file protein-v9.txt (compact mmCIF, N, CA and C atoms)
# COMPACT_ATOMS: atom_id res chain seq x y z
N MET I 1 0.82 -1.19 0.00
CA MET I 1 0.00 0.00 0.00
C MET I 1 0.88 1.27 0.00
N LEU I 2 1.94 1.22 0.78
CA LEU I 2 2.87 2.36 0.84
C LEU I 2 3.52 2.58 -0.52
N ARG I 3 3.95 1.52 -1.15
CA ARG I 3 4.59 1.62 -2.46
C ARG I 3 3.63 2.21 -3.49
N ARG I 4 2.37 1.77 -3.46
CA ARG I 4 1.36 2.27 -4.41
C ARG I 4 1.11 3.76 -4.18
N SER I 5 1.03 4.15 -2.92
CA SER I 5 0.79 5.56 -2.60
C SER I 5 1.95 6.43 -3.05
N TYR I 6 3.17 5.96 -2.82
CA TYR I 6 4.34 6.72 -3.23
C TYR I 6 4.43 6.82 -4.75
N ARG I 7 4.09 5.74 -5.43
CA ARG I 7 4.11 5.73 -6.89
C ARG I 7 3.09 6.74 -7.43
N TRP I 8 1.89 6.77 -6.85
CA TRP I 8 0.86 7.72 -7.28
C TRP I 8 1.33 9.15 -7.06
N GLN I 9 1.97 9.36 -5.92
CA GLN I 9 2.46 10.70 -5.60
C GLN I 9 3.48 11.16 -6.63
N ARG I 10 4.42 10.30 -6.98
CA ARG I 10 5.43 10.67 -7.98
C ARG I 10 4.79 10.95 -9.32
N ARG I 11 3.84 10.14 -9.73
CA ARG I 11 3.20 10.32 -11.04
C ARG I 11 2.45 11.64 -11.12
N VAL I 12 1.69 11.97 -10.10
CA VAL I 12 0.91 13.21 -10.14
C VAL I 12 1.83 14.42 -10.20
N ALA I 13 2.84 14.45 -9.37
CA ALA I 13 3.76 15.60 -9.36
C ALA I 13 4.53 15.69 -10.68
N SER I 14 4.98 14.57 -11.19
CA SER I 14 5.73 14.58 -12.45
C SER I 14 4.85 14.99 -13.63
N LEU I 15 3.65 14.44 -13.67
CA LEU I 15 2.75 14.78 -14.77
C LEU I 15 2.31 16.24 -14.73
N THR I 16 2.25 16.82 -13.55
CA THR I 16 1.90 18.24 -13.45
C THR I 16 2.96 19.09 -14.14
N ALA I 17 4.21 18.89 -13.78
CA ALA I 17 5.28 19.71 -14.35
C ALA I 17 5.60 19.32 -15.79
N LEU I 18 5.76 18.04 -16.04
CA LEU I 18 6.13 17.60 -17.39
C LEU I 18 4.98 17.75 -18.38
N GLY I 19 3.75 17.57 -17.91
CA GLY I 19 2.60 17.74 -18.79
C GLY I 19 2.49 19.17 -19.29
N TYR I 20 2.69 20.12 -18.38
CA TYR I 20 2.65 21.53 -18.80
C TYR I 20 3.75 21.81 -19.81
N PHE I 21 4.95 21.31 -19.53
CA PHE I 21 6.07 21.55 -20.44
C PHE I 21 5.83 20.90 -21.80
N ALA I 22 5.24 19.71 -21.80
CA ALA I 22 4.94 19.03 -23.07
C ALA I 22 3.91 19.83 -23.88
N VAL I 23 2.91 20.38 -23.20
CA VAL I 23 1.91 21.21 -23.90
C VAL I 23 2.59 22.46 -24.46
N PHE I 24 3.48 23.05 -23.68
CA PHE I 24 4.21 24.23 -24.15
C PHE I 24 5.03 23.91 -25.40
N LEU I 25 5.75 22.78 -25.37
CA LEU I 25 6.55 22.39 -26.53
C LEU I 25 5.67 22.07 -27.74
N ALA I 26 4.55 21.40 -27.51
CA ALA I 26 3.64 21.07 -28.61
C ALA I 26 3.08 22.35 -29.25
N LEU I 27 2.73 23.32 -28.43
CA LEU I 27 2.23 24.58 -28.97
C LEU I 27 3.32 25.31 -29.74
N THR I 28 4.54 25.23 -29.26
CA THR I 28 5.65 25.88 -29.95
C THR I 28 5.85 25.29 -31.34
N VAL I 29 5.71 23.98 -31.46
CA VAL I 29 5.93 23.31 -32.74
C VAL I 29 4.71 23.41 -33.64
N LYS I 30 3.54 23.14 -33.09
CA LYS I 30 2.32 23.03 -33.90
C LYS I 30 1.59 24.36 -34.12
N ALA I 31 1.77 25.32 -33.23
CA ALA I 31 1.05 26.60 -33.36
C ALA I 31 1.98 27.78 -33.10
N PRO I 32 3.00 27.95 -33.94
CA PRO I 32 3.91 29.09 -33.72
C PRO I 32 3.21 30.43 -33.87
N TRP I 33 2.15 30.46 -34.66
CA TRP I 33 1.40 31.71 -34.83
C TRP I 33 0.76 32.12 -33.50
N LEU I 34 0.36 31.15 -32.69
CA LEU I 34 -0.24 31.46 -31.39
C LEU I 34 0.84 31.93 -30.41
N MET I 35 2.00 31.32 -30.47
CA MET I 35 3.06 31.65 -29.53
C MET I 35 3.66 33.03 -29.78
N THR I 36 3.60 33.50 -31.02
CA THR I 36 4.15 34.82 -31.33
C THR I 36 3.11 35.93 -31.21
N ARG I 37 1.88 35.55 -31.01
CA ARG I 37 0.78 36.53 -30.87
C ARG I 37 0.98 37.37 -29.60
N SER I 38 0.55 38.59 -29.65
CA SER I 38 0.68 39.49 -28.50
C SER I 38 -0.29 39.06 -27.40
N GLY I 39 0.23 38.98 -26.19
CA GLY I 39 -0.58 38.55 -25.05
C GLY I 39 -0.72 39.66 -24.03
N PRO I 40 -0.92 39.31 -22.78
CA PRO I 40 -1.10 40.31 -21.72
C PRO I 40 0.15 41.18 -21.55
N GLY I 41 -0.06 42.46 -21.47
CA GLY I 41 1.04 43.40 -21.29
C GLY I 41 1.90 43.57 -22.53
N GLY I 42 1.43 43.11 -23.68
CA GLY I 42 2.20 43.24 -24.90
C GLY I 42 3.27 42.17 -25.07
N LEU I 43 3.39 41.27 -24.13
CA LEU I 43 4.37 40.19 -24.23
C LEU I 43 3.84 39.09 -25.16
N PRO I 44 4.70 38.41 -25.86
CA PRO I 44 4.24 37.29 -26.69
C PRO I 44 3.68 36.17 -25.81
N VAL I 45 2.66 35.48 -26.31
CA VAL I 45 2.01 34.41 -25.56
C VAL I 45 3.03 33.33 -25.19
N GLY I 46 3.97 33.04 -26.07
CA GLY I 46 5.00 32.04 -25.80
C GLY I 46 5.84 32.39 -24.58
N LEU I 47 6.19 33.66 -24.46
CA LEU I 47 6.97 34.10 -23.32
C LEU I 47 6.16 34.01 -22.03
N VAL I 48 4.90 34.39 -22.10
CA VAL I 48 4.02 34.30 -20.93
C VAL I 48 3.89 32.85 -20.48
N LEU I 49 3.69 31.94 -21.44
CA LEU I 49 3.58 30.52 -21.10
C LEU I 49 4.90 29.97 -20.56
N ALA I 50 6.02 30.44 -21.10
CA ALA I 50 7.33 30.00 -20.60
C ALA I 50 7.54 30.48 -19.17
N LEU I 51 7.15 31.71 -18.89
CA LEU I 51 7.29 32.24 -17.53
C LEU I 51 6.32 31.56 -16.56
N ALA I 52 5.19 31.11 -17.08
CA ALA I 52 4.23 30.39 -16.23
C ALA I 52 4.76 29.02 -15.82
N GLN I 53 5.80 28.56 -16.48
CA GLN I 53 6.41 27.27 -16.12
C GLN I 53 6.93 27.30 -14.68
N ILE I 54 7.41 28.43 -14.24
CA ILE I 54 7.96 28.54 -12.88
C ILE I 54 6.89 28.29 -11.83
N PRO I 55 5.74 28.99 -11.86
CA PRO I 55 4.71 28.67 -10.86
C PRO I 55 4.13 27.26 -11.01
N VAL I 56 4.08 26.74 -12.22
CA VAL I 56 3.58 25.38 -12.40
C VAL I 56 4.53 24.38 -11.75
N THR I 57 5.83 24.61 -11.88
CA THR I 57 6.81 23.73 -11.23
C THR I 57 6.69 23.83 -9.71
N TRP I 58 6.51 25.03 -9.20
CA TRP I 58 6.32 25.20 -7.76
C TRP I 58 5.02 24.53 -7.30
N LEU I 59 4.01 24.58 -8.14
CA LEU I 59 2.76 23.89 -7.82
C LEU I 59 2.98 22.38 -7.74
N ALA I 60 3.78 21.85 -8.65
CA ALA I 60 4.09 20.41 -8.62
C ALA I 60 4.84 20.05 -7.34
N VAL I 61 5.78 20.88 -6.93
CA VAL I 61 6.52 20.64 -5.69
C VAL I 61 5.59 20.71 -4.50
N LEU I 62 4.71 21.70 -4.47
CA LEU I 62 3.75 21.85 -3.39
C LEU I 62 2.79 20.66 -3.35
N LEU I 63 2.33 20.23 -4.50
CA LEU I 63 1.46 19.06 -4.59
C LEU I 63 2.17 17.82 -4.07
N TYR I 64 3.43 17.67 -4.40
CA TYR I 64 4.23 16.55 -3.92
C TYR I 64 4.32 16.56 -2.40
N GLU I 65 4.59 17.74 -1.84
CA GLU I 65 4.71 17.87 -0.39
C GLU I 65 3.38 17.59 0.32
N VAL I 66 2.29 18.12 -0.21
CA VAL I 66 0.98 17.92 0.41
C VAL I 66 0.58 16.45 0.37
N THR I 67 0.77 15.80 -0.77
CA THR I 67 0.40 14.39 -0.85
C THR I 67 1.31 13.54 0.01
N ALA I 68 2.58 13.92 0.14
CA ALA I 68 3.49 13.18 1.03
C ALA I 68 3.02 13.30 2.47
N HIS I 69 2.65 14.49 2.85
CA HIS I 69 2.21 14.73 4.23
C HIS I 69 0.89 14.02 4.54
N ARG I 70 -0.04 14.04 3.59
CA ARG I 70 -1.38 13.47 3.83
C ARG I 70 -1.47 11.97 3.60
N LEU I 71 -0.76 11.47 2.58
CA LEU I 71 -0.95 10.08 2.19
C LEU I 71 0.23 9.17 2.52
N VAL I 72 1.42 9.58 2.18
CA VAL I 72 2.56 8.68 2.29
C VAL I 72 3.11 8.62 3.72
N ASP I 73 3.25 9.77 4.37
CA ASP I 73 3.82 9.78 5.72
C ASP I 73 3.01 8.94 6.72
N PRO I 74 1.68 9.05 6.77
CA PRO I 74 0.93 8.19 7.70
C PRO I 74 1.11 6.70 7.41
N LEU I 75 1.16 6.34 6.13
CA LEU I 75 1.37 4.93 5.78
C LEU I 75 2.76 4.47 6.21
N ALA I 76 3.77 5.30 6.00
CA ALA I 76 5.13 4.96 6.41
C ALA I 76 5.21 4.83 7.93
N ARG I 77 4.55 5.72 8.66
CA ARG I 77 4.54 5.66 10.11
C ARG I 77 3.90 4.36 10.59
N ARG I 78 2.76 4.02 9.97
CA ARG I 78 2.08 2.78 10.33
C ARG I 78 2.94 1.56 10.04
N ALA I 79 3.60 1.56 8.89
CA ALA I 79 4.47 0.43 8.53
C ALA I 79 5.64 0.33 9.49
N ARG I 80 6.20 1.45 9.87
CA ARG I 80 7.33 1.47 10.80
C ARG I 80 6.91 0.94 12.17
N GLN I 81 5.70 1.28 12.62
CA GLN I 81 5.22 0.84 13.93
C GLN I 81 4.83 -0.62 13.94
N SER I 82 4.42 -1.15 12.80
CA SER I 82 3.95 -2.53 12.77
C SER I 82 5.09 -3.54 12.75
N TYR I 83 6.29 -3.11 12.35
CA TYR I 83 7.45 -4.00 12.34
C TYR I 83 8.45 -3.53 13.40
N PRO I 84 8.82 -4.41 14.31
CA PRO I 84 9.79 -3.99 15.34
C PRO I 84 11.16 -3.71 14.72
N ALA I 85 11.89 -2.80 15.32
CA ALA I 85 13.22 -2.46 14.83
C ALA I 85 14.16 -3.64 15.06
N PRO I 86 15.10 -3.88 14.16
CA PRO I 86 16.08 -4.95 14.38
C PRO I 86 16.88 -4.71 15.64
N ALA I 87 17.36 -5.75 16.27
CA ALA I 87 18.07 -5.64 17.57
C ALA I 87 19.29 -4.72 17.47
N HIS I 88 20.02 -4.76 16.38
CA HIS I 88 21.23 -3.92 16.28
C HIS I 88 20.90 -2.44 16.10
N ARG I 89 19.67 -2.10 15.82
CA ARG I 89 19.29 -0.69 15.63
C ARG I 89 18.69 -0.08 16.89
N GLU I 90 18.31 -0.88 17.84
CA GLU I 90 17.64 -0.35 19.04
C GLU I 90 18.60 0.40 19.95
N GLY I 91 19.90 0.12 19.86
CA GLY I 91 20.89 0.68 20.77
C GLY I 91 20.98 2.19 20.74
N GLY I 92 20.94 2.82 19.67
CA GLY I 92 21.06 4.28 19.65
C GLY I 92 21.33 4.81 18.26
N ARG I 93 21.78 3.97 17.40
CA ARG I 93 22.05 4.45 16.05
C ARG I 93 21.12 3.84 15.07
call {"tool": "encode", "arguments": {"input": "protein-v9.txt", "output": "structure tokens"}}
result
Amino acid sequence: MLRRSYRWQRRVASLTALGYFAVFLALTVKAPWLMTRSGPGGLPVGLVLALAQIPVTWLAVLLYEVTAHRLVDPLARRARQSYPAPAHREGGR
């Protein structure tokens, strides 16, 4: 269960950042007319989308942290408590 939860967490965070980047690259190749069009503040849409990559990446990191805190950490804690520590680890290290 812990492995499945961790795998889901990695996939969601990775797909958030990489999915946005893949869409950006696809638009650059398939719709250059859209990327060179004037956007907010007179900046080209391509530049605005490229700059939006930074908050999207931070969102992926934040999503990773939130899912780790809510889903993976409690499972890891439960797994750690259900198996006793090996005798050589109980001493102090």
call {"tool": "closest_residue", "arguments": {"input": "protein-v9.txt", "among": "I:Tyr6, I:Tyr83, I:Tyr64, I:Phe24", "to": "Ala50 of chain I", "atoms": "all atoms listed in the file"}}
result
I:Phe24
call {"tool": "select_by_dssp", "arguments": {"input": "protein-v9.txt", "residues": "chain I", "states": "alpha helix (DSSP H)", "output": "number ranges by chain"}}
result
I: 2-30, 32-35, 45-51, 53-67, 73-82
call {"tool": "atom_distance", "arguments": {"input": "protein-v9.txt", "atom1": "atom C of Met1 of chain I", "atom2": "atom C of Leu75 of chain I"}}
result
7.2 Å
call {"tool": "residues_around", "arguments": {"input": "protein-v9.txt", "residues": "Leu71 of chain I", "least_positions_apart": "3", "cutoff": "10 Å", "atoms": "only C-alpha atoms", "output": "list in words"}}
result
Leu2, Ser5, Tyr6, Trp8, Gln9, Glu65, Val66, Thr67, Ala68, Pro74, Leu75 and Ala76 of chain I
call {"tool": "atom_distance", "arguments": {"input": "protein-v9.txt", "atom1": "atom CA of Arg3 of chain I", "atom2": "atom N of Gln81 of chain I"}}
result
15.1 Å
call {"tool": "residues_around", "arguments": {"input": "protein-v9.txt", "residues": "Val45 of chain I", "least_positions_apart": "4", "cutoff": "7 Å", "atoms": "all atoms listed in the file", "output": "VMD selection string"}}
result
chain I and resid 34 to 40 49 to 50
call {"tool": "atom_distance", "arguments": {"input": "protein-v9.txt", "atom1": "atom CA of Ala17 of chain I", "atom2": "atom CA of Ala52 of chain I"}}
result
10.9 Å
call {"tool": "residues_around", "arguments": {"input": "protein-v9.txt", "residues": "Thr16 of chain I", "least_positions_apart": "3", "cutoff": "7 Å", "atoms": "only N, CA and C atoms", "output": "JSON, numbers by chain"}}
result
{"I": [11, 12, 13, 19, 20, 21, 56, 57, 60]}
call {"tool": "axis_aligned_box", "arguments": {"input": "protein-v9.txt", "around": "segment 19-38 of chain I", "padding_each_side": "8 Å", "output": "lines of an AutoDock Vina configuration file"}}
result
center_x = 3.1
center_y = 28.5
center_z = -26.4
size_x = 22.8
size_y = 37.9
size_z = 32.9
call {"tool": "closest_residue", "arguments": {"input": "protein-v9.txt", "among": "I:Val72, I:Pro84, I:Ala31, I:Val61", "to": "Arg7 of chain I", "atoms": "only C-alpha atoms"}}
result
I:Val72
